[in-house]
$ cat work_36.tsv   # TSV, C-alpha atoms and all ligand atoms
chain	number	residue	atom	x	y	z
A	305	MET	CA	48.21	103.28	71.40
A	306	ALA	CA	51.50	101.31	71.37
A	307	GLU	CA	54.63	103.46	71.62
A	308	LYS	CA	56.69	103.71	68.43
A	309	SER	CA	59.75	101.47	68.44
A	310	LEU	CA	62.88	103.62	68.38
A	311	GLY	CA	65.83	102.75	66.13
A	312	VAL	CA	69.33	103.07	67.60
A	313	LEU	CA	72.70	103.79	66.02
A	314	ILE	CA	75.69	102.71	68.12
A	315	HIS	CA	78.69	104.85	67.18
A	316	GLY	CA	82.17	103.62	68.24
A	317	ALA	CA	82.09	99.82	68.49
A	318	GLY	CA	84.42	99.29	71.46
A	319	TRP	CA	84.26	98.20	75.10
A	320	VAL	CA	81.40	100.28	76.47
A	321	ALA	CA	79.36	100.04	73.25
A	322	GLY	CA	78.60	96.37	73.96
A	323	GLU	CA	76.76	97.38	77.14
A	324	HIS	CA	74.72	99.98	75.23
A	325	VAL	CA	73.79	97.29	72.70
A	326	LYS	CA	72.69	94.92	75.49
A	327	ALA	CA	70.56	97.58	77.19
A	328	PHE	CA	68.85	98.81	74.00
A	329	THR	CA	68.21	95.22	72.92
A	330	ALA	CA	66.59	94.37	76.26
A	331	ASN	CA	64.40	97.49	76.25
A	332	PRO	CA	61.05	96.57	74.64
A	333	HIS	CA	60.76	99.95	72.85
A	334	THR	CA	64.15	100.11	71.12
A	335	ARG	CA	66.11	98.17	68.50
A	336	VAL	CA	69.71	98.58	67.35
A	337	VAL	CA	69.41	99.19	63.61
A	338	ALA	CA	72.94	100.40	62.80
A	339	VAL	CA	76.51	100.32	64.09
A	340	SER	CA	79.23	102.69	62.93
A	341	SER	CA	82.90	102.68	63.81
A	342	ARG	CA	86.33	103.39	62.39
A	343	LYS	CA	86.76	99.75	61.37
A	344	LEU	CA	84.12	97.59	59.69
A	345	SER	CA	85.52	94.60	61.59
A	346	SER	CA	84.61	96.25	64.92
A	347	CYS	CA	81.00	96.75	63.75
A	348	GLN	CA	80.83	93.12	62.66
A	349	ARG	CA	82.36	91.86	65.89
A	350	ILE	CA	79.87	93.69	68.11
A	351	ALA	CA	76.93	92.51	66.00
A	352	GLU	CA	78.14	88.90	66.13
A	353	THR	CA	78.87	89.01	69.86
A	354	HIS	CA	75.40	90.28	70.66
A	355	GLY	CA	73.51	88.41	67.93
A	356	LEU	CA	72.13	91.57	66.33
A	357	PRO	CA	69.77	90.79	63.44
A	358	ASP	CA	69.14	93.18	60.51
A	359	VAL	CA	71.78	95.70	61.45
A	360	THR	CA	73.53	97.98	58.96
A	361	PHE	CA	77.25	98.74	59.33
A	362	PHE	CA	78.91	102.06	58.53
A	363	THR	CA	82.44	103.39	58.61
A	364	ASP	CA	81.15	106.83	57.61
A	365	TYR	CA	79.32	108.58	60.48
A	366	ASP	CA	77.45	111.03	58.22
A	367	LYS	CA	76.05	108.15	56.17
A	368	ALA	CA	75.06	106.36	59.39
A	369	LEU	CA	73.21	109.47	60.59
A	370	ALA	CA	71.32	109.53	57.28
A	371	HIS	CA	69.93	106.00	57.91
A	372	PRO	CA	66.14	106.60	57.94
A	373	GLY	CA	65.53	104.17	60.83
A	374	VAL	CA	67.76	105.94	63.35
A	375	ASP	CA	66.02	107.89	66.16
A	376	ILE	CA	68.71	107.64	68.88
A	377	VAL	CA	72.51	107.81	68.61
A	378	SER	CA	74.75	106.33	71.31
A	379	VAL	CA	78.08	108.15	71.20
A	380	CYS	CA	80.64	105.56	72.39
A	381	THR	CA	83.76	106.88	70.66
A	382	PRO	CA	86.83	108.20	72.54
A	383	GLN	CA	86.15	111.42	74.45
A	384	HIS	CA	87.92	113.80	72.04
A	385	LEU	CA	85.28	112.92	69.42
A	386	HIS	CA	82.21	113.34	71.63
A	387	ALA	CA	81.64	117.01	70.86
A	388	GLU	CA	81.74	116.71	67.08
A	389	ASN	CA	79.77	113.42	67.15
A	390	THR	CA	77.09	114.96	69.40
A	391	ILE	CA	76.76	118.14	67.34
A	392	ALA	CA	76.41	116.17	64.09
A	393	ALA	CA	73.74	113.87	65.57
A	394	ALA	CA	71.80	116.78	67.09
A	395	ARG	CA	71.84	118.58	63.73
A	396	ALA	CA	70.46	115.39	62.17
A	397	GLY	CA	67.60	115.52	64.72
A	398	LYS	CA	68.63	112.44	66.73
A	399	HIS	CA	68.19	111.90	70.46
A	400	LEU	CA	71.51	111.22	72.16
A	401	VAL	CA	73.16	108.97	74.71
A	402	ILE	CA	76.55	110.60	75.30
A	403	GLU	CA	79.36	108.72	76.99
A	404	LYS	CA	81.36	110.52	79.65
A	405	PRO	CA	83.38	112.64	79.53
A	406	ILE	CA	81.19	114.69	77.24
A	407	ALA	CA	83.92	117.00	75.93
A	408	ASN	CA	87.53	118.10	76.22
A	409	SER	CA	86.94	121.84	76.80
A	410	PRO	CA	84.32	124.35	78.00
A	411	ALA	CA	84.09	125.70	74.43
A	412	GLU	CA	83.17	122.24	73.13
A	413	MET	CA	80.51	121.91	75.82
A	414	ARG	CA	78.98	125.24	74.87
A	415	ALA	CA	78.85	124.26	71.20
A	416	MET	CA	77.18	120.95	72.11
A	417	ARG	CA	74.63	122.72	74.30
A	418	GLU	CA	73.80	125.16	71.51
A	419	ALA	CA	73.32	122.36	68.96
A	420	VAL	CA	71.13	120.31	71.31
A	421	ARG	CA	69.01	123.32	72.31
A	422	LYS	CA	68.54	124.30	68.68
A	423	ALA	CA	67.55	120.78	67.63
A	424	GLY	CA	65.28	120.21	70.66
A	425	VAL	CA	66.49	116.60	70.97
A	426	LYS	CA	66.67	114.66	74.24
A	427	THR	CA	70.01	113.71	75.82
A	428	VAL	CA	71.30	111.51	78.61
A	429	VAL	CA	74.94	111.41	79.69
A	430	SER	CA	76.39	108.12	80.94
A	431	PHE	CA	76.87	109.01	84.56
A	432	VAL	CA	75.54	105.51	84.81
A	433	LEU	CA	76.23	105.14	88.54
A	434	ARG	CA	73.12	107.21	89.23
A	435	TRP	CA	71.33	103.89	88.49
A	436	ASN	CA	73.60	101.75	90.70
A	437	PRO	CA	71.50	100.14	93.48
A	438	LEU	CA	73.59	101.71	96.29
A	439	PHE	CA	73.34	105.14	94.62
A	440	GLU	CA	69.56	104.73	94.26
A	441	THR	CA	69.30	103.69	97.91
A	442	ILE	CA	71.40	106.59	99.23
A	443	LYS	CA	69.56	109.08	97.05
A	444	ALA	CA	66.17	107.84	98.23
A	445	MET	CA	67.32	107.93	101.89
A	446	VAL	CA	68.65	111.48	101.56
A	447	ALA	CA	65.38	112.62	99.94
A	448	ASP	CA	63.47	110.84	102.74
A	449	ASN	CA	65.34	112.89	105.40
A	450	ALA	CA	67.23	109.80	106.75
A	451	VAL	CA	70.29	111.96	107.51
A	452	GLY	CA	68.51	115.30	107.93
A	453	LYS	CA	69.93	118.27	106.03
A	454	VAL	CA	73.03	117.29	104.08
A	455	TYR	CA	76.03	119.56	104.76
A	456	GLY	CA	79.00	117.56	103.43
A	457	VAL	CA	79.65	114.92	100.76
A	458	GLU	CA	82.72	112.98	99.69
A	459	ALA	CA	83.34	110.66	96.75
A	460	ASP	CA	86.55	109.15	95.39
A	461	TYR	CA	87.37	107.42	92.13
A	462	GLN	CA	90.24	105.08	93.02
A	463	HIS	CA	91.17	103.12	89.94
A	464	ASP	CA	94.44	101.92	88.43
A	465	ILE	CA	93.56	103.18	84.97
A	466	ALA	CA	96.34	101.73	82.81
A	467	SER	CA	97.15	99.86	79.62
A	468	TRP	CA	94.58	97.13	80.37
A	469	TRP	CA	91.95	99.66	79.13
A	470	THR	CA	91.25	99.68	75.38
A	471	GLY	CA	90.89	103.47	75.48
A	472	PHE	CA	94.17	104.09	77.33
A	473	GLU	CA	96.40	104.98	74.37
A	474	ASP	CA	94.30	108.10	73.62
A	475	ALA	CA	93.11	108.88	77.13
A	476	ARG	CA	96.56	108.80	78.77
A	477	THR	CA	97.69	111.79	76.66
A	478	LYS	CA	97.37	115.40	77.78
A	479	LYS	CA	96.05	116.38	74.34
A	480	LEU	CA	93.22	113.82	74.08
A	481	GLY	CA	92.61	112.81	77.70
A	482	ILE	CA	93.24	116.23	79.39
A	483	SER	CA	93.23	115.01	83.03
A	484	ALA	CA	92.50	112.11	85.36
A	485	MET	CA	89.55	114.05	86.75
A	486	LEU	CA	88.10	114.31	83.25
A	487	THR	CA	88.73	110.77	81.99
A	488	GLY	CA	87.56	108.89	85.11
A	489	GLY	CA	87.16	111.19	88.11
A	490	CYS	CA	84.10	112.87	86.59
A	491	HIS	CA	82.09	109.88	87.90
A	492	ALA	CA	83.03	110.88	91.48
A	493	LEU	CA	82.29	114.56	90.83
A	494	ASP	CA	78.89	113.59	89.54
A	495	ALA	CA	78.30	111.40	92.62
A	496	ALA	CA	79.15	114.35	94.89
A	497	ARG	CA	76.72	116.60	93.01
A	498	TRP	CA	74.03	113.90	93.12
A	499	PHE	CA	74.27	113.31	96.89
A	500	ALA	CA	74.67	117.03	97.69
A	501	GLY	CA	71.25	117.63	96.12
A	502	GLN	CA	68.54	116.93	98.68
A	503	GLY	CA	65.75	116.21	96.16
A	504	ARG	CA	65.09	112.71	94.79
A	505	TYR	CA	66.18	113.62	91.26
A	506	GLU	CA	68.23	116.75	91.94
A	507	ALA	CA	72.00	117.20	91.59
A	508	ALA	CA	73.47	120.21	93.40
A	509	THR	CA	74.92	123.13	91.47
A	510	PRO	CA	78.62	123.88	92.11
A	511	ILE	CA	79.55	127.54	92.59
A	512	GLU	CA	83.23	127.45	93.67
A	513	VAL	CA	86.16	125.05	93.25
A	514	PHE	CA	89.67	124.74	94.66
A	515	ALA	CA	91.97	121.86	93.70
A	516	TYR	CA	95.45	120.34	93.93
A	517	ALA	CA	97.07	117.87	91.54
A	518	GLY	CA	99.97	115.53	92.31
A	519	GLY	CA	100.74	111.85	92.69
A	520	TYR	CA	103.65	109.95	91.14
A	521	ARG	CA	102.63	108.32	87.85
A	522	LYS	CA	102.94	111.27	85.45
A	523	GLY	CA	105.79	110.40	83.03
A	524	LEU	CA	106.43	107.02	84.71
A	525	SER	CA	106.99	104.19	82.21
A	526	GLU	CA	105.64	101.42	84.42
A	527	GLU	CA	102.32	100.53	85.97
A	528	PHE	CA	101.06	98.27	88.74
A	529	ASN	CA	98.93	95.27	87.80
A	530	TYR	CA	96.91	94.31	90.86
A	531	LEU	CA	95.83	91.02	89.28
A	532	THR	CA	99.44	89.81	89.15
A	533	ASN	CA	100.71	91.99	92.03
A	534	SER	CA	103.58	93.12	89.85
A	535	TRP	CA	104.92	96.22	88.13
A	536	GLN	CA	105.19	96.11	84.35
A	537	PRO	CA	106.45	98.44	81.60
A	538	ALA	CA	103.73	100.73	80.18
A	539	PRO	CA	103.38	103.98	78.25
A	540	PRO	CA	103.21	106.88	80.73
A	541	LEU	CA	100.33	109.06	81.80
A	542	GLU	CA	100.94	112.61	80.53
A	543	TYR	CA	99.03	114.22	83.41
A	544	ASP	CA	98.89	113.90	87.19
A	545	ASP	CA	97.38	110.70	88.54
A	546	LEU	CA	96.04	112.30	91.71
A	547	GLU	CA	93.67	115.28	91.95
A	548	MET	CA	91.88	116.52	95.06
A	549	VAL	CA	89.04	118.95	94.57
A	550	MET	CA	87.03	120.99	97.07
A	551	ILE	CA	83.61	122.19	95.93
A	552	ARG	CA	81.14	124.66	97.36
A	553	PHE	CA	77.54	124.12	96.19
A	554	ASP	CA	74.82	126.75	95.93
A	555	ASN	CA	72.80	125.06	98.71
A	556	GLY	CA	75.70	125.47	101.19
A	557	VAL	CA	76.90	121.84	101.00
A	558	LEU	CA	80.68	121.33	100.80
A	559	GLY	CA	82.15	118.52	98.69
A	560	LYS	CA	85.54	116.79	98.67
A	561	VAL	CA	86.32	114.64	95.66
A	562	SER	CA	89.45	112.85	94.50
A	563	VAL	CA	90.56	110.87	91.50
A	564	ASN	CA	93.44	108.49	92.10
A	565	TYR	CA	94.99	106.52	89.23
A	566	GLY	CA	98.09	105.72	91.28
A	567	CYS	CA	96.42	103.56	93.90
A	568	VAL	CA	97.98	100.12	94.35
A	569	MET	CA	94.80	98.18	95.05
A	570	PRO	CA	91.64	96.97	93.34
A	571	TYR	CA	89.04	99.52	92.18
A	572	MET	CA	87.06	101.32	94.89
A	573	PHE	CA	84.49	104.13	94.89
A	574	PRO	CA	83.98	105.29	98.51
A	575	ILE	CA	81.04	107.56	99.27
A	576	GLU	CA	80.26	109.62	102.39
A	577	VAL	CA	77.20	111.76	103.04
A	578	PHE	CA	77.01	113.83	106.23
A	579	GLY	CA	73.70	115.29	107.39
A	580	ASP	CA	72.68	117.08	110.56
A	581	ARG	CA	70.68	113.99	111.66
A	582	GLY	CA	72.78	111.11	110.34
A	583	THR	CA	75.61	109.80	108.18
A	584	ILE	CA	75.98	107.41	105.28
A	585	LYS	CA	79.30	105.69	104.55
A	586	ASP	CA	78.90	103.49	101.47
A	587	ASN	CA	76.17	101.02	102.47
A	588	ARG	CA	76.38	101.81	106.21
A	589	VAL	CA	73.84	104.16	107.74
A	590	TRP	CA	73.55	106.05	111.01
A	591	SER	CA	70.16	107.77	111.20
A	592	HIS	CA	67.87	109.63	113.58
A	593	LYS	CA	65.18	107.37	112.14
A	594	PHE	CA	66.71	104.48	114.18
A	595	PRO	CA	66.71	106.05	117.68
A	596	GLY	CA	67.94	102.88	119.39
A	597	GLN	CA	70.81	102.33	116.97
A	598	LYS	CA	74.08	101.13	118.55
A	599	LYS	CA	75.89	99.83	115.46
A	600	TRP	CA	75.97	100.84	111.82
A	601	VAL	CA	72.99	99.54	109.84
A	602	GLU	CA	74.40	97.80	106.79
A	603	ILE	CA	72.27	97.68	103.66
A	604	PRO	CA	72.70	94.54	101.56
A	605	THR	CA	72.92	95.93	98.04
A	606	ILE	CA	75.15	96.20	94.99
A	607	LEU	CA	78.00	98.64	95.56
A	608	PRO	CA	79.87	100.57	92.84
A	609	ASP	CA	82.83	98.27	93.46
A	610	SER	CA	83.73	97.06	89.99
A	611	ALA	CA	85.23	98.87	87.03
A	612	ASP	CA	83.92	96.28	84.60
A	613	VAL	CA	81.37	97.86	82.28
A	614	SER	CA	79.24	94.70	82.51
A	615	HIS	CA	78.74	95.56	86.21
A	616	HIS	CA	77.51	99.08	85.41
A	617	PRO	CA	73.71	99.63	85.42
A	618	PHE	CA	73.31	100.71	81.79
A	619	GLN	CA	69.89	99.03	81.65
A	620	GLY	CA	68.52	101.46	84.23
A	621	GLN	CA	70.00	104.44	82.38
A	622	ILE	CA	68.68	103.38	78.98
A	623	ASP	CA	65.21	102.45	80.27
A	624	HIS	CA	65.02	105.86	81.96
A	625	PHE	CA	66.07	107.63	78.75
A	626	VAL	CA	63.54	105.80	76.57
A	627	GLU	CA	60.85	106.80	79.07
A	628	CYS	CA	62.04	110.43	78.87
A	629	ILE	CA	61.70	110.34	75.07
A	630	HIS	CA	58.26	108.74	75.15
A	631	GLN	CA	56.96	111.11	77.84
A	632	ASN	CA	58.72	114.18	76.47
A	633	HIS	CA	60.58	114.74	79.77
A	634	GLU	CA	64.11	116.01	80.25
A	635	SER	CA	66.44	113.57	82.02
A	636	HIS	CA	67.93	114.68	85.35
A	637	CYS	CA	71.20	113.52	83.76
A	638	ASN	CA	70.93	115.40	80.47
A	639	LEU	CA	73.65	117.37	78.70
A	640	GLU	CA	72.82	120.62	80.53
A	641	ASP	CA	73.18	118.87	83.89
A	642	ALA	CA	76.38	117.04	82.90
A	643	ILE	CA	77.97	120.35	81.91
A	644	LYS	CA	77.78	121.38	85.59
A	645	THR	CA	79.77	118.25	86.55
A	646	HIS	CA	82.35	118.81	83.81
A	647	GLU	CA	82.77	122.50	84.67
A	648	ILE	CA	84.31	121.38	87.98
A	649	VAL	CA	87.00	119.50	86.01
A	650	PHE	CA	87.87	122.55	83.94
A	651	ALA	CA	87.72	124.82	87.00
A	652	ALA	CA	90.30	122.52	88.66
A	653	GLN	CA	92.54	122.92	85.60
A	654	GLU	CA	92.23	126.71	85.90
A	655	CYS	CA	93.03	126.46	89.60
A	656	TYR	CA	96.30	124.60	88.85
A	657	ARG	CA	97.31	127.58	86.68
A	658	THR	CA	96.15	130.43	88.93
A	659	ARG	CA	96.32	128.80	92.43
A	660	GLN	CA	93.11	130.70	93.17
A	661	PRO	CA	89.57	129.44	93.84
A	662	VAL	CA	87.49	129.41	90.66
A	663	GLN	CA	83.88	130.60	90.51
A	664	LEU	CA	81.26	128.66	88.57
A	665	PRO	CA	79.65	128.77	86.10
A	666	LEU	CA	82.83	129.38	84.13
A	667	SER	CA	83.07	132.63	82.29
A	668	GLU	CA	82.18	132.32	78.60
A	669	LYS	CA	84.99	134.69	77.52
A	701	LIG	N1	80.03	105.33	81.58
A	701	LIG	C1	80.97	104.47	81.90
A	701	LIG	O1	80.98	103.92	82.99
A	701	LIG	C2	82.05	104.18	80.91
A	701	LIG	C3	82.76	102.97	80.97
A	701	LIG	C4	83.76	102.75	80.00
A	701	LIG	C5	84.03	103.70	79.02
A	701	LIG	N2	83.34	104.86	79.02
A	701	LIG	C6	83.60	105.93	78.05
A	701	LIG	O2	83.18	105.48	76.77
A	701	LIG	C7	84.03	106.02	75.75
A	701	LIG	C8	84.60	104.85	74.94
A	701	LIG	O3	85.35	104.05	75.83
A	701	LIG	P1	85.66	102.50	75.55
A	701	LIG	O4	86.20	101.97	76.80
A	701	LIG	O5	84.52	101.83	74.93
A	701	LIG	O6	86.85	102.65	74.49
A	701	LIG	P2	87.23	101.70	73.28
A	701	LIG	O7	87.07	100.27	73.66
A	701	LIG	O8	88.56	102.17	72.80
A	701	LIG	O9	86.12	102.00	72.18
A	701	LIG	C9	86.06	103.17	71.43
A	701	LIG	C10	85.71	102.79	70.01
A	701	LIG	O10	85.61	104.00	69.27
A	701	LIG	C11	85.99	103.73	67.95
A	701	LIG	N3	86.60	104.89	67.30
A	701	LIG	C12	87.78	105.49	67.56
A	701	LIG	N4	87.98	106.52	66.75
A	701	LIG	C13	86.91	106.56	65.93
A	701	LIG	C14	86.53	107.39	64.86
A	701	LIG	N5	87.32	108.42	64.46
A	701	LIG	N6	85.36	107.16	64.25
A	701	LIG	C15	84.56	106.14	64.63
A	701	LIG	N7	84.87	105.31	65.65
A	701	LIG	C16	86.03	105.52	66.29
A	701	LIG	C17	86.99	102.60	68.00
A	701	LIG	O11	86.56	101.81	66.92
A	701	LIG	P3	87.40	100.82	65.99
A	701	LIG	O12	87.43	99.57	66.83
A	701	LIG	O13	86.49	100.74	64.82
A	701	LIG	O14	88.74	101.39	65.71
A	701	LIG	C18	86.78	101.93	69.35
A	701	LIG	O15	86.33	100.61	69.21
A	701	LIG	C19	85.09	106.84	76.49
A	701	LIG	O16	84.73	108.18	76.51
A	701	LIG	C20	85.06	106.26	77.90
A	701	LIG	O17	85.47	107.17	78.90
A	701	LIG	C21	82.37	105.11	79.94
$ encode --input "work_36.tsv" --output "structure tokens"
Amino acid sequence: MAEKSLGVLIHGAGWVAGEHVKAFTANPHTRVVAVSSRKLSSCQRIAETHGLPDVTFFTDYDKALAHPGVDIVSVCTPQHLHAENTIAAARAGKHLVIEKPIANSPAEMRAMREAVRKAGVKTVVSFVLRWNPLFETIKAMVADNAVGKVYGVEADYQHDIASWWTGFEDARTKKLGISAMLTGGCHALDAARWFAGQGRYEAATPIEVFAYAGGYRKGLSEEFNYLTNSWQPAPPLEYDDLEMVMIRFDNGVLGKVSVNYGCVMPYMFPIEVFGDRGTIKDNRVWSHKFPGQKKWVEIPTILPDSADVSHHPFQGQIDHFVECIHQNHESHCNLEDAIKTHEIVFAAQECYRTRQPVQLPLSEK
């Protein structure tokens, strides 16, 4: 029997939403049936840009959720709205694609988890790099024992997040953005968890965190533009641009992750995986499986080396999620899993206050 076509509501018609539209449109089992946003003009623009036929526009999210053709909601609004948007959609019985970061506090994450558990809906969080070809290659090699038993992982999110980003005005504030590790660095935390897990679809569970925050951009009213190689006036970041986090995982692996918004260079996302029989540095491999190896083996693939959302593998993420819904499987990247990544962010915040290592999972008090 043919699978039922699933109707999609895109909520928050901005930069990343266009990539969700493209991926759902290309998937043979889904169709975008509605777009909701703050402004009607943004809904219209995204529909025109992507040639969406028969799509209904809403500026009222509750009315959009009541659309009878909606099975899946893609939450593409700014991060401070993700918790309330997710809870409302779960209560309406919709499956959910949730953009990162999922929430601005541990309490919000707990409320989201409760709503999703109660509704029994499926979720996937946009840690979209899990579908990047280099990520897929490293993960498959680790699972295939190419580096032996993993004992250390490193990942860094090095990105001059600044006023070029449509979401910057909200995300640069302490109140709505919280921290650099939350707004952007969570991608690197998730990468560390992903590569610290030895199984093909397993992300390691963090049990302890220690972190420092610093840098130079907090409060600075200028920013570097690497395209023009010049400094220009800009509204300041209200939090530190550099965070360095140490993580202990329950399988004994140690992780070192940084987020760096102050870097004067193009975007980079370095990855290192150390095992007791080999090492992976980005797309370079040293492995006991190549006993005559004298130089690094370089894998020709697509690296996570662009910040442009059109470079991100949303198609892989969305195809995976639709399969999860059809086969009634939980995604390895569902809300419950993403909470473990985000808890590291909030543990780092606690560490800046207490200067003590923080145990995970966080206390629910
Ligand atoms: N996974 C990834 O790799 C990735 C990449 C980029 C972004 N993101 C994440 O995706 C989220 C959105 O980022 P973005 O870059 O797309 O930002 P964006 O371009 O600013 O888009 C956000 C959209 O949300 C809409 N919005 C704001 N407040 C709203 C409200 N109260 N009700 C309904 N709609 C509202 C705005 O719509 P109007 O135009 O109607 O005002 C805006 O177009 C962020 O959490 C970001 O971190 C993830």
$ residues_near_ligand --input "work_36.tsv" --ligand "ligand LIG 701 (chain A)" --cutoff "9 Å" --atoms "only C-alpha atoms and all ligand atoms" --output "JSON, numbers by chain"
{"A": [315, 316, 317, 318, 319, 320, 321, 322, 340, 341, 342, 343, 344, 345, 346, 347, 363, 364, 365, 379, 380, 381, 382, 383, 384, 385, 386, 389, 402, 403, 404, 405, 406, 407, 429, 430, 431, 432, 433, 469, 470, 471, 472, 473, 474, 475, 486, 487, 488, 491, 611, 612, 613, 616, 617, 618]}
$ write_last_selection --input "work_36.tsv" --atoms "C-alpha atoms" --output "tab-separated table (two decimals), in the frame of the given file"
chain	number	residue	atom	x	y	z
A	315	HIS	CA	78.69	104.85	67.18
A	316	GLY	CA	82.17	103.62	68.24
A	317	ALA	CA	82.09	99.82	68.49
A	318	GLY	CA	84.42	99.29	71.46
A	319	TRP	CA	84.26	98.20	75.10
A	320	VAL	CA	81.40	100.28	76.47
A	321	ALA	CA	79.36	100.04	73.25
A	322	GLY	CA	78.60	96.37	73.96
A	340	SER	CA	79.23	102.69	62.93
A	341	SER	CA	82.90	102.68	63.81
A	342	ARG	CA	86.33	103.39	62.39
A	343	LYS	CA	86.76	99.75	61.37
A	344	LEU	CA	84.12	97.59	59.69
A	345	SER	CA	85.52	94.60	61.59
A	346	SER	CA	84.61	96.25	64.92
A	347	CYS	CA	81.00	96.75	63.75
A	363	THR	CA	82.44	103.39	58.61
A	364	ASP	CA	81.15	106.83	57.61
A	365	TYR	CA	79.32	108.58	60.48
A	379	VAL	CA	78.08	108.15	71.20
A	380	CYS	CA	80.64	105.56	72.39
A	381	THR	CA	83.76	106.88	70.66
A	382	PRO	CA	86.83	108.20	72.54
A	383	GLN	CA	86.15	111.42	74.45
A	384	HIS	CA	87.92	113.80	72.04
A	385	LEU	CA	85.28	112.92	69.42
A	386	HIS	CA	82.21	113.34	71.63
A	389	ASN	CA	79.77	113.42	67.15
A	402	ILE	CA	76.55	110.60	75.30
A	403	GLU	CA	79.36	108.72	76.99
A	404	LYS	CA	81.36	110.52	79.65
A	405	PRO	CA	83.38	112.64	79.53
A	406	ILE	CA	81.19	114.69	77.24
A	407	ALA	CA	83.92	117.00	75.93
A	429	VAL	CA	74.94	111.41	79.69
A	430	SER	CA	76.39	108.12	80.94
A	431	PHE	CA	76.87	109.01	84.56
A	432	VAL	CA	75.54	105.51	84.81
A	433	LEU	CA	76.23	105.14	88.54
A	469	TRP	CA	91.95	99.66	79.13
A	470	THR	CA	91.25	99.68	75.38
A	471	GLY	CA	90.89	103.47	75.48
A	472	PHE	CA	94.17	104.09	77.33
A	473	GLU	CA	96.40	104.98	74.37
A	474	ASP	CA	94.30	108.10	73.62
A	475	ALA	CA	93.11	108.88	77.13
A	486	LEU	CA	88.10	114.31	83.25
A	487	THR	CA	88.73	110.77	81.99
A	488	GLY	CA	87.56	108.89	85.11
A	491	HIS	CA	82.09	109.88	87.90
A	611	ALA	CA	85.23	98.87	87.03
A	612	ASP	CA	83.92	96.28	84.60
A	613	VAL	CA	81.37	97.86	82.28
A	616	HIS	CA	77.51	99.08	85.41
A	617	PRO	CA	73.71	99.63	85.42
A	618	PHE	CA	73.31	100.71	81.79
$ closest_residue --input "work_36.tsv" --among "A:Trp590, A:Tyr455, A:Tyr543, A:Trp498" --to "Thr645 in chain A" --atoms "all atoms listed in the file"
A:Trp498
$ residues_around --input "work_36.tsv" --residues "range 657-666 of chain A" --least-positions-apart "4" --cutoff "10 Å" --atoms "all atoms listed in the file" --output "JSON, numbers by chain"
{"A": [410, 509, 510, 511, 512, 513, 514, 515, 516, 550, 551, 552, 553, 554, 643, 644, 647, 648, 650, 651, 652, 653]}
$ residues_around --input "work_36.tsv" --residues "His463 in chain A" --least-positions-apart "6" --cutoff "10 Å" --atoms "only C-alpha atoms" --output "list in words"
Gly488, Gly489, Asp545, Val563, Asn564, Tyr565, Gly566, Cys567, Val568, Met569, Pro570, Tyr571, Met572, Phe573, Ser610 and Ala611 of chain A
$ closest_residue --input "work_36.tsv" --among "A:Ala450, A:Ala394, A:Val401, A:Met445" --to "Thr427 in chain A" --atoms "only C-alpha atoms"
A:Val401
$ atom_distance --input "work_36.tsv" --atom1 "CA of Ile376 in chain A" --atom2 "CA of Asp358 in chain A"
16.7 Å
$ atom_distance --input "work_36.tsv" --atom1 "CA of Ala466 in chain A" --atom2 "CA of Ala538 in chain A"
7.9 Å
$ closest_residue --input "work_36.tsv" --among "A:Val649, A:Ala642, A:Arg349, A:Pro537" --to "Ala508 in chain A" --atoms "only C-alpha atoms"
A:Ala642
$ residues_around --input "work_36.tsv" --residues "Asp641 in chain A" --least-positions-apart "5" --cutoff "10 Å" --atoms "all atoms listed in the file" --output "count of residues only"
10
$ atom_distance --input "work_36.tsv" --atom1 "CA of Trp468 in chain A" --atom2 "CA of Asn533 in chain A"
14.1 Å
$ residues_around --input "work_36.tsv" --residues "Glu526 in chain A" --least-positions-apart "4" --cutoff "9 Å" --atoms "all atoms listed in the file" --output "PyMOL selection string"
chain A and resi 521+535-540
$ residues_around --input "work_36.tsv" --residues "Arg581 in chain A" --least-positions-apart "2" --cutoff "10 Å" --atoms "all atoms listed in the file" --output "list in words"
Asn449, Ala450, Val451, Gly452, Lys453, Val454, Phe578, Gly579, Thr583, Trp590, Ser591, His592 and Lys593 of chain A
$ closest_residue --input "work_36.tsv" --among "A:Lys479, A:Leu639, A:Phe328, A:Pro372" --to "Ala387 in chain A" --atoms "all atoms listed in the file"
A:Leu639
$ build_atoms --input "work_36.tsv" --residues "range 496-501 of chain A" --atoms "N, CA and C atoms" --output "mmCIF file, keeping the file's coordinate frame"
data_model
loop_
_atom_site.group_PDB
_atom_site.id
_atom_site.type_symbol
_atom_site.label_atom_id
_atom_site.label_comp_id
_atom_site.auth_asym_id
_atom_site.auth_seq_id
_atom_site.Cartn_x
_atom_site.Cartn_y
_atom_site.Cartn_z
ATOM 1 N N ALA A 496 79.200 113.301 93.862
ATOM 2 C CA ALA A 496 79.150 114.350 94.890
ATOM 3 C C ALA A 496 77.994 115.314 94.613
ATOM 4 N N ARG A 497 77.835 115.701 93.363
ATOM 5 C CA ARG A 497 76.720 116.600 93.010
ATOM 6 C C ARG A 497 75.379 115.942 93.313
ATOM 7 N N TRP A 498 75.291 114.662 92.974
ATOM 8 C CA TRP A 498 74.030 113.900 93.120
ATOM 9 C C TRP A 498 73.632 113.814 94.590
ATOM 10 N N PHE A 499 74.605 113.488 95.461
ATOM 11 C CA PHE A 499 74.270 113.310 96.890
ATOM 12 C C PHE A 499 74.186 114.655 97.627
ATOM 13 N N ALA A 500 74.774 115.702 97.074
ATOM 14 C CA ALA A 500 74.670 117.030 97.690
ATOM 15 C C ALA A 500 73.299 117.657 97.416
ATOM 16 N N GLY A 501 72.609 117.144 96.417
ATOM 17 C CA GLY A 501 71.250 117.630 96.120
ATOM 18 C C GLY A 501 70.258 116.885 96.996
#
